[in-house]
Each structure stands twice: as C-alpha cells, then as structure tokens.
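Input: a single structure, listed below in structure tokens.
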Amino acid sequence: MADWHTTYDAAHRFGLDHATPWALQEARAHFLVERPGQRTLPFTGYVDGQPVVVGLLKLPLMDNLATADLDVATRPDDRRKGHGSAMLEHLVRLARDHGRDVLLCEASWNHDQPPDGTGTPAAEFLTARGFSFALGDVTRALELPVPDELLDRLARQAATAHEGYVLSDFTGPVPDDLVEDFGRLVGSLVTEAPQGDLEMEQEVFDAARIRSDEEVLVAAGRRKYSTVATSPDGELVAFTELAVAEHDPGRAYQWGTLVRPDHRGHRLGLAVKVHNLRLLQSREPGLTTVTTWNAEVNKHMIAVNEELGFRPVGRLGEFQRKLDG
C-alpha cells in the first residue's frame, strides 16, 4: 500500500501548481471498504523490486455497466520507459474481461496550458493510445474566510428569487427522512451537468449505496457539510456538499451542487452554496481554501462561483475511449 501511494502521489503532483491527490488514508479507505456501487482495483508495477507505476480500475456496479474508470500514474523519474503503457494495457484487458467497452480517464495540467491539454504529457499519453478529449474542466480555488458582508449581500439577492423555498443543512450522514430524495438528486448530477462527448447514464444512489459511501467517508478521515433546498410543496429540489479531510489541513473541497431542472431560475444554486459556506466557516474556522471543478461550458455555475470569489488555478481533462467489439 505504501509503494502504491508513494508512486501515485509523486506522479500526480509532478509539474502541477495545484495538485489534489488522495492521501494514503483516503486511498486505503476506498480500497478496503466493500461498496455496492463500485468495485475499485489497484495495481502496482515493479522493476527490480522498485515501484515505478500504479494503476486504478473503478467498475460501476449499479449503473453505467458498460463503463470503466482508469487511472495510470508513473513515477516522474521512470517515465518514457514503457511502464505507463504496460499498466494501461493491463487495465484495458481487465476492463474488457469485465464486459466494459467505454473507458474513461482524467488528466490534469496547469491553467495557462491549452484547454484540451494539447502538448501536455498526460493528455498526449492518452490521445496517443486511443483516447479522445471529451470534456474540459477548470479547477478553481476560493480563499477563506469569505467575508460575512459578501455572503450577506449574495444571500439577500438570492432570497428575492426563491420565496417559499426552505434551506436546511446537515453534517455527516444524510438524515433518514431525506435519503431517498437526496439519492435521486445526487444520481442525476452526472447527466444534468455538462457531459461533452462523454457517454454516461444517470447513477443509482439508493440508501444502501449512500450509507456505504458514508462508511468510506469516515474511514478516509473526511467530514461532509451539506445544504439542501425544499420547494413550497415539500420536495427536495437542490443540494450542495463541502468536504474537509483531516489529512489535508486548511483545505476544503466543493463536491456536487445541483438544482433540479424544473426549479431553476430561483437562484437556488447560489443560495445553497452561500448557506453551506456559512456552515463550513462556523464549524471549521481554520480553513484557508476551497477547491472545486467546473466544466468550462457550465457558464451558470461558473458565474455563481465567480460571485463567491473563486479563481481559476488549473485544468482537468476528461477523456474517453471506446473498445472495439
């Protein structure tokens, strides 16, 4: 496990101004907790007893059964020796053995480099091996604390558009009375957010999957803060999540934010994010940064984040490869 993580961490930090790899504690939790929604298979490649490359294969088990998520990471000093190609071939064979014919992979580069990653080592590695650029995301960072005056002003602006809606929050596990509706919202995020050329279907998040993922959250040393919006007729119509990791002092991560399509136009996205930032800052006063990712074409959510003060710091490309029959 130490060999895997040392190699993975070195590879994912190399050359990046704003790297966000898993910590050892997080990786261990993902590998060891059995989950109904996903199977995670890690691999390490050795040369003369030394780890030089790692791979990760993630197989959805309740939806998107034709897809597999791959990650290949080679130690910086051992690149251009064929190790990454060998690991990728291994993962592709395994994905095919599991009946998957749509492969997904991500790559990161700095914000001042091309939006599609042209000329960057990670993107060129994938495109040379049959992957195509499917969606471009921008990594953004927000300095904390956000001034109360700004949050007050944004909350007042949003409130005029969502009269009758109720905002509420919770820390940690999803309350039992919300878990079913919350799961439907979370499951639709992958299809309601911009997909580019990615072939993805709505995910299934039932109570069993949500509770299992919460076990991973605890084992990984993460704390999650959530805010939801309920419509005047009592339906859960919007949510947002922020996560803090005990191994990563000072930093929080913005996870999903979604407003149900039939309830958009009421500034609920801004409202739940402002409410959740207030919650985060009251519970975690030592934080200095929130990191988030948005598809570059997601102009609405980018505008919300810019109102809050997020600034671009990096890029993430989502790549796809379809296997022949």
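As shown in the structure tokens, the chain order sets the letters A, B, ...; within each chain, residues go from 1, and ligands are also counted from 1 in the order they appear.
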
Worksheet entry | Close residues, Leu61 of chain A itself excluded, 10 Å, only C-alpha atoms, min 6 positions apart in chain, as an NGL selection string | :A and (35-39 or 67 or 204)

Segment 19-86 of chain A residues near segment 209-231 of chain A within 10 Å, closest pair each, using only C-alpha atoms, as a Markdown table:
| residue | atom | partner | partner_atom | distance |
| --- | --- | --- | --- | --- |
| A:Trp22 | CA | A:Ala220 | CA | 9.5 |
| A:Ala23 | CA | A:Ala220 | CA | 8.6 |
| A:Leu24 | CA | A:Ala220 | CA | 8.7 |
| A:Gln25 | CA | A:Ala220 | CA | 5.4 |
| A:Glu26 | CA | A:Ala220 | CA | 4.3 |
| A:Ala27 | CA | A:Ala220 | CA | 7.5 |
| A:Arg28 | CA | A:Ala220 | CA | 7.5 |
| A:Ala29 | CA | A:Ala220 | CA | 5.3 |
| A:His30 | CA | A:Val216 | CA | 6.3 |
| A:Phe31 | CA | A:Val216 | CA | 9.3 |
| A:Leu32 | CA | A:Val216 | CA | 8.8 |
| A:Val33 | CA | A:Val216 | CA | 6.3 |
| A:Glu34 | CA | A:Ser212 | CA | 7.8 |
| A:Arg35 | CA | A:Ser212 | CA | 5.8 |
| A:Pro36 | CA | A:Arg209 | CA | 5.8 |
| A:Gly37 | CA | A:Arg209 | CA | 5.9 |
| A:Gln38 | CA | A:Arg209 | CA | 9.1 |
| A:Met62 | CA | A:Arg209 | CA | 9.3 |

Item to complete: Run DSSP on the backbone and grab whatever in segment 69-287 of chain A lands in strand (DSSP E); send it over as JSON, numbers by chain.
Response: {"A": [69, 70, 71, 72, 73, 74, 102, 103, 104, 105, 106, 107, 108, 109, 110, 132, 133, 134, 135, 136, 137, 138, 139, 140, 141, 142, 143, 166, 167, 168, 169, 170, 171, 222, 223, 224, 225, 226, 227, 228, 229, 230, 236, 237, 238, 239, 240, 241, 242, 243, 244, 245, 251, 252, 253, 254, 255, 256, 257, 258, 259]}

Residue list (helix (DSSP H, G or I), DSSP) for segment 109-299 of chain A, as a CSV table (one decimal) with C-alpha atoms, in the first residue's frame:
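Below is the file part.csv, written as the result:
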chain,number,residue,atom,x,y,z
A,121,PRO,CA,2.4,15.0,-21.2
A,122,ALA,CA,-0.7,13.5,-19.6
A,123,ALA,CA,-3.1,14.4,-22.4
A,124,GLU,CA,-0.7,13.3,-25.1
A,125,PHE,CA,-0.2,10.0,-23.4
A,126,LEU,CA,-3.9,9.3,-23.6
A,127,THR,CA,-4.6,10.6,-27.1
A,148,ASP,CA,-19.7,37.9,6.0
A,149,GLU,CA,-20.6,41.1,4.2
A,150,LEU,CA,-20.3,39.4,0.8
A,151,LEU,CA,-22.3,36.3,2.0
A,152,ASP,CA,-25.0,38.5,3.4
A,153,ARG,CA,-25.3,40.5,0.2
A,154,LEU,CA,-25.4,37.4,-2.0
A,155,ALA,CA,-27.9,35.7,0.3
A,156,ARG,CA,-30.2,38.8,0.1
A,157,GLN,CA,-30.0,38.9,-3.7
A,158,ALA,CA,-30.9,35.2,-4.0
A,159,ALA,CA,-33.7,35.3,-1.4
A,179,VAL,CA,-32.0,9.8,1.9
A,180,GLU,CA,-34.3,8.6,-0.9
A,181,ASP,CA,-34.9,12.1,-2.4
A,182,PHE,CA,-31.3,13.0,-1.8
A,183,GLY,CA,-30.1,9.9,-3.7
A,184,ARG,CA,-32.2,10.8,-6.7
A,185,LEU,CA,-30.7,14.3,-6.8
A,186,VAL,CA,-27.1,13.0,-6.5
A,187,GLY,CA,-27.7,10.3,-9.0
A,188,SER,CA,-28.9,12.8,-11.6
A,189,LEU,CA,-25.8,15.0,-11.2
A,190,VAL,CA,-23.7,13.2,-13.8
A,191,THR,CA,-26.3,13.7,-16.5
A,192,GLU,CA,-27.7,17.1,-15.5
A,207,ALA,CA,-29.9,4.1,0.8
A,208,ALA,CA,-27.6,1.1,0.8
A,209,ARG,CA,-25.1,2.8,-1.5
A,210,ILE,CA,-25.3,6.1,0.3
A,211,ARG,CA,-24.6,4.5,3.7
A,212,SER,CA,-21.7,2.5,2.3
A,213,ASP,CA,-20.2,5.7,0.8
A,214,GLU,CA,-20.6,7.3,4.2
A,215,GLU,CA,-18.5,4.5,5.8
A,216,VAL,CA,-15.8,5.2,3.3
A,217,LEU,CA,-16.0,8.9,4.2
A,218,VAL,CA,-15.4,8.2,7.9
A,219,ALA,CA,-12.6,5.7,7.2
A,261,PRO,CA,-34.2,21.5,-13.8
A,262,ASP,CA,-37.9,22.3,-13.1
A,263,HIS,CA,-36.8,24.5,-10.2
A,268,LEU,CA,-31.2,28.2,-5.5
A,269,GLY,CA,-27.6,27.3,-6.7
A,270,LEU,CA,-26.2,30.5,-5.2
A,271,ALA,CA,-28.5,30.2,-2.1
A,272,VAL,CA,-27.4,26.7,-1.1
A,273,LYS,CA,-23.8,27.4,-1.7
A,274,VAL,CA,-23.8,30.6,0.4
A,275,HIS,CA,-25.7,28.8,3.2
A,276,ASN,CA,-23.2,25.9,3.1
A,277,LEU,CA,-20.2,28.2,3.2
A,278,ARG,CA,-21.6,29.9,6.3
A,279,LEU,CA,-22.0,26.4,7.9
A,280,LEU,CA,-18.4,25.4,6.9
A,281,GLN,CA,-16.8,28.6,8.2
A,282,SER,CA,-18.7,28.3,11.5
A,283,ARG,CA,-17.6,24.7,12.1
A,299,LYS,CA,-21.4,29.1,-17.6
